[in-house]
>>> print(open('target22.txt').read())   # compact mmCIF, C-alpha atoms
# COMPACT_ATOMS: atom_id res chain seq x y z
CA MET L 1 -74.67 -7.37 -43.81
CA ASN L 2 -78.07 -7.76 -42.21
CA ASP L 3 -78.07 -5.05 -39.58
CA THR L 4 -80.71 -6.60 -37.34
CA ASN L 5 -78.78 -9.77 -36.52
CA MET L 6 -75.15 -9.01 -37.23
CA ARG L 7 -75.14 -5.93 -35.06
CA LYS L 8 -77.41 -4.76 -32.25
CA THR L 9 -77.63 -0.98 -32.04
CA VAL L 10 -79.36 0.82 -29.16
CA THR L 11 -79.54 4.50 -28.26
CA LEU L 12 -78.56 4.87 -24.61
CA GLU L 13 -80.47 7.00 -22.12
CA ASP L 14 -77.74 9.59 -21.45
CA GLU L 15 -78.12 13.24 -22.35
CA GLY L 16 -75.75 12.85 -25.28
CA HIS L 17 -77.74 9.98 -26.81
CA THR L 18 -74.70 7.73 -27.04
CA THR L 19 -75.11 4.94 -29.56
CA CYS L 20 -74.23 1.47 -28.32
CA HIS L 21 -73.32 -1.23 -30.85
CA VAL L 22 -72.92 -4.88 -29.89
CA VAL L 23 -71.14 -7.20 -32.34
CA LEU L 24 -70.20 -10.86 -32.01
CA PHE L 25 -66.89 -12.09 -33.45
CA THR L 26 -66.09 -15.78 -33.77
CA GLU L 27 -62.99 -17.61 -35.07
CA VAL L 28 -60.92 -14.88 -33.45
CA GLU L 29 -57.21 -15.51 -34.08
CA ASN L 30 -55.56 -12.68 -32.19
CA ALA L 31 -57.06 -12.60 -28.67
CA ALA L 32 -53.64 -12.34 -26.99
CA GLU L 33 -52.63 -9.48 -29.26
CA LEU L 34 -55.96 -7.73 -28.58
CA ARG L 35 -55.32 -7.99 -24.86
CA GLN L 36 -51.97 -6.28 -25.31
CA LEU L 37 -53.70 -3.50 -27.27
CA ILE L 38 -56.32 -3.17 -24.53
CA MET L 39 -53.60 -2.77 -21.90
CA LYS L 40 -51.95 -0.07 -24.00
CA GLY L 41 -55.31 1.67 -24.18
CA GLN L 42 -55.61 1.28 -27.93
CA VAL L 43 -58.94 -0.54 -28.08
CA GLU L 44 -61.89 1.82 -27.92
CA ALA L 45 -64.43 -0.88 -27.12
CA SER L 46 -65.36 -3.26 -24.37
CA LEU L 47 -64.42 -6.83 -25.28
CA VAL L 48 -66.59 -9.27 -23.37
CA LYS L 49 -66.23 -13.03 -23.02
CA PRO L 50 -69.36 -14.47 -24.74
CA GLU L 51 -69.31 -17.50 -22.38
CA MET L 52 -70.41 -15.15 -19.59
CA VAL L 53 -73.22 -13.47 -21.51
CA VAL L 54 -76.74 -14.93 -21.77
CA ASP L 55 -78.22 -12.18 -23.88
CA VAL L 56 -77.38 -8.77 -25.40
CA PHE L 57 -79.83 -6.86 -23.18
CA PRO L 58 -77.88 -7.16 -19.87
CA VAL L 59 -74.80 -5.92 -21.76
CA VAL L 60 -76.67 -2.86 -23.03
CA VAL L 61 -77.98 -2.19 -19.50
CA ALA L 62 -74.40 -2.42 -18.17
CA ALA L 63 -73.21 -0.05 -20.91
CA ASN L 64 -75.99 2.43 -20.10
CA LYS L 65 -74.94 2.40 -16.44
CA ALA L 66 -71.29 2.86 -17.39
CA VAL L 67 -72.04 5.90 -19.55
CA ARG L 68 -74.10 7.40 -16.72
CA SER L 69 -71.32 6.85 -14.17
CA GLN L 70 -68.84 8.43 -16.57
CA ALA L 71 -71.01 11.54 -17.02
CA ALA L 72 -71.44 11.83 -13.23
CA LYS L 73 -67.70 11.23 -12.73
CA LYS L 74 -68.51 8.28 -10.50
CA MET L 75 -66.77 5.49 -12.37
CA VAL L 76 -65.14 2.76 -10.32
CA THR L 77 -62.69 1.68 -13.01
CA ARG L 78 -60.34 3.63 -15.29
CA SER L 79 -62.38 3.72 -18.50
CA VAL L 80 -65.96 3.46 -19.62
CA PHE L 81 -65.03 0.20 -21.40
CA SER L 82 -63.72 -1.54 -18.30
CA GLU L 83 -66.67 -0.05 -16.40
CA ILE L 84 -69.02 -2.09 -18.61
CA LEU L 85 -67.21 -5.30 -17.62
CA PHE L 86 -67.29 -4.27 -13.97
CA ASN L 87 -71.03 -3.50 -14.14
CA LEU L 88 -71.73 -6.91 -15.65
CA SER L 89 -69.94 -8.66 -12.83
CA PRO L 90 -71.72 -9.48 -9.56
CA THR L 91 -68.57 -8.85 -7.51
CA LYS L 92 -67.09 -5.51 -6.46
CA ASN L 93 -63.56 -6.80 -7.00
CA ILE L 94 -62.32 -5.01 -10.13
CA THR L 95 -59.48 -7.38 -11.06
CA GLU L 96 -61.73 -10.39 -10.67
CA SER L 97 -64.53 -8.74 -12.68
CA LEU L 98 -62.24 -7.90 -15.61
CA LYS L 99 -60.71 -11.38 -15.53
CA THR L 100 -64.09 -13.16 -15.51
CA PHE L 101 -65.89 -10.97 -18.04
CA GLY L 102 -63.04 -9.62 -20.16
CA LEU L 103 -61.29 -11.23 -23.08
CA GLY L 104 -58.83 -14.04 -22.27
CA ASP L 105 -55.56 -14.80 -24.15
CA SER L 106 -56.82 -18.03 -25.67
CA ASP L 107 -60.42 -16.97 -26.40
CA LYS L 108 -61.77 -17.71 -29.86
CA SER L 109 -64.81 -15.45 -29.69
CA VAL L 110 -65.49 -11.89 -28.57
CA LEU L 111 -68.61 -9.87 -27.86
CA ALA L 112 -67.61 -6.29 -28.62
CA VAL L 113 -69.41 -3.25 -27.23
CA VAL L 114 -68.74 -0.01 -29.09
CA LEU L 115 -69.95 3.39 -27.88
CA GLU L 116 -70.35 6.29 -30.27
CA GLY L 117 -71.22 9.68 -28.85
CA SER L 118 -71.79 12.93 -30.67
CA GLU L 119 -68.17 14.01 -30.18
CA GLU L 120 -65.88 13.78 -33.15
CA ALA L 121 -63.29 11.73 -31.29
CA GLN L 122 -65.82 8.94 -30.94
CA THR L 123 -66.75 8.47 -34.58
CA GLY L 124 -65.18 5.71 -36.63
CA ARG L 125 -64.66 3.52 -33.59
CA MET L 126 -66.46 0.58 -35.13
CA GLU L 127 -64.37 0.75 -38.31
CA LYS L 128 -61.20 0.87 -36.24
CA LEU L 129 -62.26 -2.16 -34.19
CA MET L 130 -63.04 -4.14 -37.34
CA THR L 131 -59.41 -3.70 -38.42
CA GLN L 132 -58.11 -4.70 -34.96
CA ILE L 133 -60.06 -7.93 -34.47
CA LYS L 134 -59.03 -10.77 -36.75
CA GLY L 135 -62.23 -12.78 -36.74
CA GLN L 136 -65.62 -13.34 -38.31
CA VAL L 137 -68.57 -11.08 -37.56
CA THR L 138 -71.28 -13.57 -36.62
CA ASP L 139 -75.05 -13.43 -36.26
CA LEU L 140 -75.94 -12.58 -32.64
CA ILE L 141 -78.34 -15.49 -32.68
CA HIS L 142 -75.29 -17.69 -32.07
CA LEU L 143 -74.47 -15.95 -28.79
CA SER L 144 -76.66 -18.35 -26.79
CA SER L 145 -74.74 -21.37 -28.11
CA LEU L 146 -71.52 -19.86 -26.71
CA THR L 147 -72.98 -19.12 -23.27
CA ASP L 148 -71.82 -21.26 -20.34
CA GLU L 149 -75.18 -21.26 -18.56
CA LYS L 150 -73.99 -23.36 -15.64
CA ARG L 151 -71.17 -20.95 -14.88
CA VAL L 152 -73.43 -17.93 -15.29
CA ARG L 153 -75.94 -19.38 -12.84
CA GLU L 154 -73.23 -20.16 -10.30
CA LEU L 155 -71.59 -16.77 -10.62
CA TYR L 156 -74.79 -14.74 -10.26
CA LYS L 157 -76.26 -17.22 -7.74
CA ILE L 158 -79.49 -17.86 -9.66
CA PRO L 159 -81.52 -20.58 -7.88
CA ASP L 160 -84.17 -22.89 -9.39
CA PRO L 161 -87.24 -21.10 -7.92
CA GLU L 162 -86.16 -17.87 -9.62
CA LEU L 163 -86.21 -19.52 -13.03
CA THR L 164 -89.87 -20.48 -12.54
CA VAL L 165 -90.77 -16.76 -12.71
CA SER L 166 -87.81 -15.38 -14.64
CA SER L 167 -85.72 -15.90 -17.75
CA LEU L 168 -81.97 -16.18 -17.29
CA SER L 169 -81.58 -12.81 -19.02
CA GLU L 170 -84.03 -11.13 -16.61
CA ALA L 171 -82.28 -12.69 -13.61
CA VAL L 172 -78.96 -11.26 -14.82
CA VAL L 173 -80.38 -7.82 -15.66
CA SER L 174 -81.90 -7.39 -12.20
CA ARG L 175 -78.55 -8.23 -10.59
CA VAL L 176 -76.71 -5.79 -12.85
CA ALA L 177 -79.28 -3.11 -11.95
CA CYS L 178 -79.05 -3.72 -8.20
CA LYS L 179 -75.34 -4.55 -8.02
CA GLU L 180 -74.29 -1.81 -5.55
CA PHE L 181 -76.76 -2.79 -2.85
CA PHE L 182 -78.00 -6.30 -3.49
CA THR L 183 -76.42 -9.41 -2.03
CA LEU L 184 -77.97 -12.82 -1.67
CA MET T 1 -55.99 -7.02 -16.89
CA ILE T 2 -55.96 -3.25 -17.08
CA TYR T 3 -58.10 -1.27 -19.44
CA ALA T 4 -56.36 2.07 -19.78
CA VAL T 5 -58.21 3.98 -22.42
CA LYS T 6 -58.23 7.75 -22.30
CA GLN T 7 -61.41 9.20 -21.01
CA VAL T 8 -63.67 11.07 -23.37
CA GLY T 9 -66.16 12.83 -21.22
CA LYS T 10 -65.71 16.57 -21.11
CA VAL T 11 -68.91 18.24 -22.19
CA LYS T 12 -69.11 21.98 -22.67
CA SER T 13 -71.83 23.38 -20.46
CA SER T 14 -73.49 25.45 -23.19
CA ILE T 15 -73.87 22.44 -25.45
CA ASN T 16 -74.94 20.46 -22.44
CA PHE T 17 -77.94 22.71 -21.88
CA PHE T 18 -79.30 22.24 -25.39
CA LEU T 19 -78.74 18.53 -25.25
CA PHE T 20 -80.69 18.46 -22.01
CA LEU T 21 -83.51 20.44 -23.58
CA SER T 22 -83.76 18.24 -26.64
CA TYR T 23 -83.52 15.18 -24.42
CA ASN T 24 -86.53 16.25 -22.42
CA LEU T 25 -88.52 17.06 -25.53
CA LYS T 26 -87.63 13.77 -27.10
CA MET T 27 -88.49 11.69 -24.05
CA ARG T 28 -91.54 9.66 -24.73
CA ARG T 29 -93.17 9.53 -21.33
CA GLU T 30 -96.77 9.14 -20.39
CA LEU T 31 -97.86 9.78 -16.81
CA VAL T 32 -99.66 6.81 -15.29
CA THR T 33 -100.16 7.95 -11.70
CA GLN T 34 -98.89 10.53 -9.32
CA GLY T 35 -98.68 9.80 -5.63
CA ALA T 36 -97.23 11.50 -2.57
CA GLU T 37 -93.84 9.85 -3.06
CA GLY T 38 -93.42 10.23 -6.79
CA ARG T 39 -94.68 9.78 -10.31
CA VAL T 40 -95.12 6.65 -12.39
CA TYR T 41 -94.61 6.82 -16.15
CA ASN T 42 -95.05 4.54 -19.12
CA ALA T 43 -91.98 5.08 -21.27
CA GLU T 44 -89.55 3.90 -23.90
CA TRP T 45 -86.21 2.85 -22.47
CA LEU T 46 -83.29 1.24 -24.32
CA GLY T 47 -85.67 0.39 -27.13
CA GLY T 48 -88.37 -1.29 -25.05
CA SER T 49 -91.53 -0.42 -23.15
CA VAL T 50 -90.96 0.13 -19.42
CA ILE T 51 -92.43 1.63 -16.26
CA ILE T 52 -90.44 4.46 -14.68
CA LYS T 53 -90.94 5.26 -11.00
CA GLN T 54 -89.58 8.69 -10.26
CA ARG T 55 -89.26 10.06 -6.75
CA PHE T 56 -89.22 13.80 -6.31
CA PRO T 57 -87.69 15.86 -3.52
CA LYS T 58 -89.84 16.72 -0.52
CA GLN T 59 -89.75 20.44 0.09
CA TYR T 60 -90.36 20.15 3.83
CA ARG T 61 -87.31 17.98 4.47
CA HIS T 62 -83.73 19.11 4.80
CA PRO T 63 -82.10 18.45 1.36
CA ASP T 64 -79.37 16.17 2.76
CA LEU T 65 -81.82 14.13 4.78
CA ASP T 66 -84.22 14.01 1.83
CA ALA T 67 -81.51 12.73 -0.52
CA HIS T 68 -80.54 10.09 2.01
CA ILE T 69 -84.11 8.90 2.62
CA THR T 70 -84.89 8.81 -1.12
CA ARG T 71 -81.77 6.77 -1.80
CA GLU T 72 -82.49 4.29 0.97
CA ARG T 73 -86.12 3.82 -0.13
CA MET T 74 -85.12 3.28 -3.75
CA LYS T 75 -82.62 0.65 -2.64
CA ALA T 76 -85.18 -1.05 -0.40
CA GLU T 77 -87.72 -1.15 -3.21
CA ALA T 78 -85.35 -2.54 -5.86
CA ARG T 79 -83.91 -5.02 -3.37
CA ALA T 80 -87.33 -6.37 -2.34
CA LEU T 81 -88.49 -6.71 -5.97
CA THR T 82 -85.36 -8.63 -6.93
CA ARG T 83 -85.40 -10.74 -3.76
CA CYS T 84 -89.02 -11.79 -4.45
CA ARG T 85 -88.05 -13.15 -7.86
CA VAL T 86 -85.19 -15.13 -6.34
CA TYR T 87 -87.77 -16.92 -4.16
CA GLY T 88 -90.14 -17.48 -7.08
CA ILE T 89 -92.62 -14.69 -6.29
CA LYS T 90 -93.79 -12.79 -9.35
CA THR T 91 -92.82 -9.11 -9.41
CA PRO T 92 -91.72 -6.76 -12.22
CA VAL T 93 -88.05 -7.10 -13.26
CA VAL T 94 -85.82 -4.22 -12.10
CA PHE T 95 -83.95 -2.97 -15.18
CA ASP T 96 -82.13 -0.02 -13.65
CA VAL T 97 -81.80 2.11 -10.53
CA ASP T 98 -80.73 5.65 -11.40
CA PHE T 99 -79.60 7.61 -8.34
CA GLU T 100 -78.79 10.65 -10.49
CA LYS T 101 -82.41 11.10 -11.53
CA ASN T 102 -83.98 9.18 -8.63
CA GLU T 103 -85.71 6.74 -10.94
CA ILE T 104 -86.29 3.02 -10.89
CA ILE T 105 -86.83 1.44 -14.30
CA LEU T 106 -89.14 -1.57 -14.20
CA GLU T 107 -90.53 -4.16 -16.56
CA ASN T 108 -93.87 -3.13 -18.01
CA ILE T 109 -96.31 -6.00 -17.59
CA PRO T 110 -98.58 -5.83 -20.64
CA GLN T 111 -102.36 -6.21 -20.36
CA SER T 112 -102.16 -6.45 -16.60
CA MET T 113 -105.19 -5.64 -14.46
CA THR T 114 -105.17 -4.79 -10.76
CA VAL T 115 -106.94 -7.23 -8.45
CA ARG T 116 -108.97 -4.19 -7.39
CA ASN T 117 -110.37 -3.70 -10.91
CA TYR T 118 -110.78 -7.42 -11.39
CA ILE T 119 -113.00 -7.61 -8.29
CA TYR T 120 -114.96 -4.53 -9.42
CA GLU T 121 -115.55 -6.15 -12.82
CA ALA T 122 -116.65 -9.37 -11.15
CA ALA T 123 -119.09 -7.47 -8.91
CA LYS T 124 -120.47 -5.66 -11.95
CA ASN T 125 -121.12 -9.03 -13.57
CA ASN T 126 -122.99 -10.23 -10.49
CA ILE T 127 -120.32 -12.69 -9.46
CA LEU T 128 -120.65 -13.33 -5.75
CA MET T 129 -117.70 -12.71 -3.46
CA ASP T 130 -118.02 -16.22 -2.01
CA SER T 131 -118.15 -17.87 -5.46
CA GLU T 132 -115.50 -20.40 -6.41
CA LEU T 133 -113.85 -17.92 -8.81
CA MET T 134 -113.36 -15.32 -6.09
CA LEU T 135 -112.31 -17.79 -3.40
CA ASP T 136 -109.72 -19.19 -5.83
CA LEU T 137 -108.28 -15.71 -6.15
CA ALA T 138 -108.28 -15.30 -2.36
CA GLU T 139 -106.42 -18.61 -2.11
CA LYS T 140 -103.75 -17.41 -4.54
CA ILE T 141 -103.35 -14.21 -2.54
CA GLY T 142 -102.97 -16.21 0.69
CA GLN T 143 -100.33 -18.41 -0.91
CA VAL T 144 -98.21 -15.64 -2.35
CA LEU T 145 -98.26 -13.72 0.94
CA ALA T 146 -97.26 -16.84 2.89
CA LYS T 147 -94.29 -17.24 0.55
CA LEU T 148 -93.42 -13.55 0.88
CA HIS T 149 -93.49 -13.62 4.68
CA SER T 150 -91.74 -16.97 5.02
CA ASN T 151 -88.82 -15.22 3.30
CA HIS T 152 -89.17 -12.30 5.74
CA ILE T 153 -90.15 -9.74 3.13
CA ILE T 154 -92.66 -7.19 4.43
CA HIS T 155 -94.52 -5.45 1.61
CA GLY T 156 -95.61 -2.45 3.67
CA ASP T 157 -98.59 -1.41 1.53
CA LEU T 158 -100.65 -4.47 0.66
CA THR T 159 -103.81 -3.44 -1.15
CA THR T 160 -105.75 -4.91 -4.07
CA SER T 161 -104.28 -2.10 -6.23
CA ASN T 162 -100.80 -3.43 -5.61
CA MET T 163 -101.59 -6.88 -6.97
CA LEU T 164 -101.78 -7.58 -10.70
CA LEU T 165 -103.27 -10.32 -12.84
CA VAL T 166 -102.45 -11.06 -16.47
CA PRO T 167 -104.66 -12.71 -19.11
CA PRO T 168 -106.21 -15.23 -18.81
CA TYR T 169 -107.08 -13.57 -15.49
CA GLU T 170 -108.86 -16.57 -13.97
CA SER T 171 -105.72 -18.67 -14.04
CA SER T 172 -103.19 -15.86 -13.54
CA ASP T 173 -100.62 -15.87 -10.79
CA VAL T 174 -100.78 -12.88 -8.45
CA ILE T 175 -98.03 -10.39 -9.30
CA LEU T 176 -97.00 -8.09 -6.45
CA ILE T 177 -96.02 -4.49 -7.21
CA ASP T 178 -95.07 -1.25 -5.41
CA PHE T 179 -92.51 -2.24 -2.79
CA GLY T 180 -91.83 1.41 -1.98
CA LEU T 181 -92.56 0.86 1.72
CA SER T 182 -91.09 -2.61 2.00
CA SER T 183 -88.61 -3.91 4.53
CA ILE T 184 -86.93 -7.12 5.60
CA ASP T 185 -88.10 -8.32 9.01
CA GLU T 186 -88.39 -11.65 10.76
CA ARG T 187 -90.81 -10.56 13.48
CA ALA T 188 -94.41 -11.79 13.52
CA GLU T 189 -95.50 -8.27 14.50
CA ASP T 190 -94.50 -6.66 11.18
CA LYS T 191 -96.01 -9.50 9.17
CA ALA T 192 -99.24 -9.26 11.14
CA VAL T 193 -99.43 -5.51 10.47
CA ASP T 194 -98.85 -6.26 6.77
CA LEU T 195 -101.90 -8.58 6.81
CA TYR T 196 -103.93 -6.15 8.90
CA VAL T 197 -103.37 -3.39 6.36
CA LEU T 198 -104.51 -5.76 3.59
CA GLU T 199 -107.60 -6.88 5.49
CA ARG T 200 -108.64 -3.27 6.16
CA ALA T 201 -107.94 -2.35 2.52
CA ILE T 202 -110.01 -5.21 1.09
CA LEU T 203 -112.95 -4.78 3.47
CA SER T 204 -113.12 -1.03 2.90
CA THR T 205 -112.65 -1.19 -0.89
CA HIS T 206 -114.86 -4.16 -1.73
CA PRO T 207 -118.29 -4.85 -0.15
CA ASN T 208 -119.17 -8.32 1.19
CA THR T 209 -115.62 -9.58 1.15
CA GLU T 210 -115.57 -11.11 4.67
CA PRO T 211 -115.47 -14.69 3.25
CA PHE T 212 -112.84 -13.61 0.72
CA VAL T 213 -110.57 -12.26 3.46
CA ALA T 214 -111.21 -15.30 5.66
CA GLN T 215 -110.22 -17.60 2.80
CA ALA T 216 -107.00 -15.67 2.09
CA LEU T 217 -106.01 -15.75 5.75
CA SER T 218 -106.78 -19.42 6.26
CA VAL T 219 -104.77 -20.39 3.17
CA TYR T 220 -101.96 -18.14 4.43
CA GLU T 221 -101.99 -19.96 7.76
CA LEU T 222 -102.14 -23.42 6.17
CA SER T 223 -99.37 -22.92 3.64
CA GLY T 224 -97.01 -20.82 5.73
CA GLY T 225 -96.13 -23.30 8.47
CA LYS T 226 -95.41 -22.38 12.06
CA VAL T 227 -94.29 -18.86 11.22
CA ALA T 228 -97.68 -18.16 9.63
CA LYS T 229 -99.53 -19.53 12.68
CA ASP T 230 -97.68 -17.08 14.91
CA VAL T 231 -98.49 -14.26 12.51
CA ILE T 232 -102.21 -15.10 12.51
CA LYS T 233 -102.19 -15.25 16.32
CA ARG T 234 -100.50 -11.87 16.35
CA LEU T 235 -103.01 -10.52 13.84
CA ASP T 236 -105.78 -10.90 16.44
CA GLU T 237 -103.85 -8.64 18.83
CA VAL T 238 -103.18 -6.11 16.08
CA LYS T 239 -106.90 -6.05 15.19
CA LEU T 240 -107.76 -5.11 18.76
CA ARG T 241 -105.39 -2.18 18.91
CA GLY T 242 -104.95 -1.06 15.27
CA ARG T 243 -101.87 -0.68 13.14
CA LYS T 244 -99.84 1.38 15.62
CA LYS T 245 -98.31 -0.12 18.73
CA LEU T 246 -99.41 1.25 22.08
CA CYS T 247 -96.72 3.34 23.70
CA PHE T 248 -95.97 4.47 27.20
CA GLY T 249 -95.68 8.07 28.33
>>> encode(input="target22.txt", output="structure tokens")
Amino acid sequence: MNDTNMRKTVTLEDEGHTTCHVVLFTEVENAAELRQLIMKGQVEASLVKPEMVVDVFPVVVAANKAVRSQAAKKMVTRSVFSEILFNLSPTKNITESLKTFGLGDSDKSVLAVVLEGSEEAQTGRMEKLMTQIKGQVTDLIHLSSLTDEKRVRELYKIPDPELTVSSLSEAVVSRVACKEFFTL
Amino acid sequence: MIYAVKQVGKVKSSINFFLFLSYNLKMRRELVTQGAEGRVYNAEWLGGSVIIKQRFPKQYRHPDLDAHITRERMKAEARALTRCRVYGIKTPVVFDVDFEKNEIILENIPQSMTVRNYIYEAAKNNILMDSELMLDLAEKIGQVLAKLHSNHIIHGDLTTSNMLLVPPYESSDVILIDFGLSSIDERAEDKAVDLYVLERAILSTHPNTEPFVAQALSVYELSGGKVAKDVIKRLDEVKLRGRKKLCFG
């Protein structure tokens, strides 16, 4: 497995140097089952709908924010994994955020975000996830072909003038960064 | 959909201290400038090169008030930067706003040069301030400010140090930075003061720039519509009395 494309790994900026892995799964057969596992709290990862993601970077920024909120005990949602989905979403409505950005029953692809801290309980999470998701690990280069750009632009309200000075990824990142106090 | 995964977040305080120590030692930060409000660093962040603007507490203010003011200013700055981009005005991308550490993480614009240094370089090379090259730059400044004000964004600290150019500098767009004193206001008064501050800054930093300033202002007036005309009219009043409004009592 070529580590550079099959998996994106970034060290987050928290004091514990949490490692954040992003992996793309396609041809996923068991999305409905995975959702049941998520609701039972048995998936130690954030499963994002690739249609709503333009690039890995905004996801890593959302994960970094989630880990910070968790450390400061200021999370809005019940787990650091749902917090990532909430952070990615431009709305403050939790249910809507999880519905829009989280895995759906009939989805065929998944962008998984795995966090590994220094604590023992957090090791082996990636291996566990690999056994839970029945799908193909796919080169992250294919993420952009899964993105629904039109929907992303509508959801984040990204107008034409902005794209003359900004990439779609930058437009999304700035909204994730300013979520709590920025409205258009 | 409910994500109910048990929380893993209890850190023992003794371990915490050493982690904090190693974190600070490991941080790759290089001080760029230090001002009255905070420090600016060049740093590595999430695997990329960024600018970190850190605000530090003011000792003379009550801690609660200080925390509140810092928070509001950070929000105003990040908001203005992001809003500019929405309207097609070049500013650094905001990557993160960290209220725990009072830091704003911004895009690092490589090989950028301040307009201030660009004008100094030009002067060193005997380029006249009323040459086509310089008046072109003044025109670009006038245009970007007209766009800024037509969207009711007040920069608050317009100087040639807060404008960047990227290579090739001659054809670069003007990138606005440092929105630490920015606000949103529709009134001609605030926009006029914004321009007044810039005019004073340019004239006092760069010799023989009267034609340069005149060009920037006339382009501003031409490209900013009726709003800009009112601002220029107001600017004349501001010039007579200075930045502060006259008060009674």
>>> atom_distance(input="target22.txt", atom1="atom CA of Pro207 of chain T", atom2="atom CA of Asp130 of chain T")
11.5 Å
>>> residues_near_point(input="target22.txt", point="(-97.6, -7.8, 14.8)", cutoff="9 Å", atoms="all atoms listed in the file", output="list of chain:residue names")
T:Arg187, T:Ala188, T:Glu189, T:Asp190, T:Lys191, T:Ala192, T:Val193, T:Asp194, T:Tyr196, T:Val231, T:Ile232, T:Lys233, T:Arg234, T:Leu235, T:Asp236, T:Glu237, T:Val238, T:Arg243, T:Lys245
>>> interface_residues(input="target22.txt", of="chain L", to="chain T", cutoff="6 Å", atoms="only C-alpha atoms", output="VMD selection string")
chain L and resid 12 15 38 to 39 41 79 82 161 to 162 165 174 177
>>> write_last_selection(input="target22.txt", atoms="C-alpha atoms", output="PDB file, keeping the file's coordinate frame")
ATOM      1  CA  LEU L  12     -78.560   4.870 -24.610  1.00  0.00           C
ATOM      2  CA  GLU L  15     -78.120  13.240 -22.350  1.00  0.00           C
ATOM      3  CA  ILE L  38     -56.320  -3.170 -24.530  1.00  0.00           C
ATOM      4  CA  MET L  39     -53.600  -2.770 -21.900  1.00  0.00           C
ATOM      5  CA  GLY L  41     -55.310   1.670 -24.180  1.00  0.00           C
ATOM      6  CA  SER L  79     -62.380   3.720 -18.500  1.00  0.00           C
ATOM      7  CA  SER L  82     -63.720  -1.540 -18.300  1.00  0.00           C
ATOM      8  CA  PRO L 161     -87.240 -21.100  -7.920  1.00  0.00           C
ATOM      9  CA  GLU L 162     -86.160 -17.870  -9.620  1.00  0.00           C
ATOM     10  CA  VAL L 165     -90.770 -16.760 -12.710  1.00  0.00           C
ATOM     11  CA  SER L 174     -81.900  -7.390 -12.200  1.00  0.00           C
ATOM     12  CA  ALA L 177     -79.280  -3.110 -11.950  1.00  0.00           C
TER      13      ALA L 177
END
>>> atom_distance(input="target22.txt", atom1="atom CA of Lys99 of chain L", atom2="atom CA of Asp14 of chain L")
27.7 Å
>>> atom_distance(input="target22.txt", atom1="atom CA of Ile119 of chain T", atom2="atom CA of Lys147 of chain T")
22.8 Å
>>> residues_around(input="target22.txt", residues="segment 129-136 of chain L", least_positions_apart="5", cutoff="7 Å", atoms="only C-alpha atoms", output="list in words")
Phe25, Thr26, Glu27, Val28, Glu29 and Asn30 of chain L
>>> residues_around(input="target22.txt", residues="Ser169 of chain L", least_positions_apart="3", cutoff="12 Å", atoms="only C-alpha atoms", output="PyMOL selection string")
(chain L and resi 52-61+88+144+147+149+152-153+156+158+162-163+165-166+172-176) or (chain T and resi 93-95)
>>> write_last_selection(input="target22.txt", atoms="C-alpha atoms", output="PDB file, keeping the file's coordinate frame")
ATOM      1  CA  MET L  52     -70.410 -15.150 -19.590  1.00  0.00           C
ATOM      2  CA  VAL L  53     -73.220 -13.470 -21.510  1.00  0.00           C
ATOM      3  CA  VAL L  54     -76.740 -14.930 -21.770  1.00  0.00           C
ATOM      4  CA  ASP L  55     -78.220 -12.180 -23.880  1.00  0.00           C
ATOM      5  CA  VAL L  56     -77.380  -8.770 -25.400  1.00  0.00           C
ATOM      6  CA  PHE L  57     -79.830  -6.860 -23.180  1.00  0.00           C
ATOM      7  CA  PRO L  58     -77.880  -7.160 -19.870  1.00  0.00           C
ATOM      8  CA  VAL L  59     -74.800  -5.920 -21.760  1.00  0.00           C
ATOM      9  CA  VAL L  60     -76.670  -2.860 -23.030  1.00  0.00           C
ATOM     10  CA  VAL L  61     -77.980  -2.190 -19.500  1.00  0.00           C
ATOM     11  CA  LEU L  88     -71.730  -6.910 -15.650  1.00  0.00           C
ATOM     12  CA  SER L 144     -76.660 -18.350 -26.790  1.00  0.00           C
ATOM     13  CA  THR L 147     -72.980 -19.120 -23.270  1.00  0.00           C
ATOM     14  CA  GLU L 149     -75.180 -21.260 -18.560  1.00  0.00           C
ATOM     15  CA  VAL L 152     -73.430 -17.930 -15.290  1.00  0.00           C
ATOM     16  CA  ARG L 153     -75.940 -19.380 -12.840  1.00  0.00           C
ATOM     17  CA  TYR L 156     -74.790 -14.740 -10.260  1.00  0.00           C
ATOM     18  CA  ILE L 158     -79.490 -17.860  -9.660  1.00  0.00           C
ATOM     19  CA  GLU L 162     -86.160 -17.870  -9.620  1.00  0.00           C
ATOM     20  CA  LEU L 163     -86.210 -19.520 -13.030  1.00  0.00           C
ATOM     21  CA  VAL L 165     -90.770 -16.760 -12.710  1.00  0.00           C
ATOM     22  CA  SER L 166     -87.810 -15.380 -14.640  1.00  0.00           C
ATOM     23  CA  VAL L 172     -78.960 -11.260 -14.820  1.00  0.00           C
ATOM     24  CA  VAL L 173     -80.380  -7.820 -15.660  1.00  0.00           C
ATOM     25  CA  SER L 174     -81.900  -7.390 -12.200  1.00  0.00           C
ATOM     26  CA  ARG L 175     -78.550  -8.230 -10.590  1.00  0.00           C
ATOM     27  CA  VAL L 176     -76.710  -5.790 -12.850  1.00  0.00           C
TER      28      VAL L 176
ATOM     29  CA  VAL T  93     -88.050  -7.100 -13.260  1.00  0.00           C
ATOM     30  CA  VAL T  94     -85.820  -4.220 -12.100  1.00  0.00           C
ATOM     31  CA  PHE T  95     -83.950  -2.970 -15.180  1.00  0.00           C
TER      32      PHE T  95
END
>>> axis_aligned_box(input="target22.txt", around="segment 120-136 of chain L", padding_each_side="8 Å", output="JSON")
{"center_x": -62.4, "center_y": 0.2, "center_z": -34.7, "size_x": 24.6, "size_y": 43.1, "size_z": 23.5}
>>> closest_residue(input="target22.txt", among="L:Glu116, L:Val76, L:Asp107, L:Pro90", to="Ala171 of chain L", atoms="all atoms listed in the file")
L:Pro90
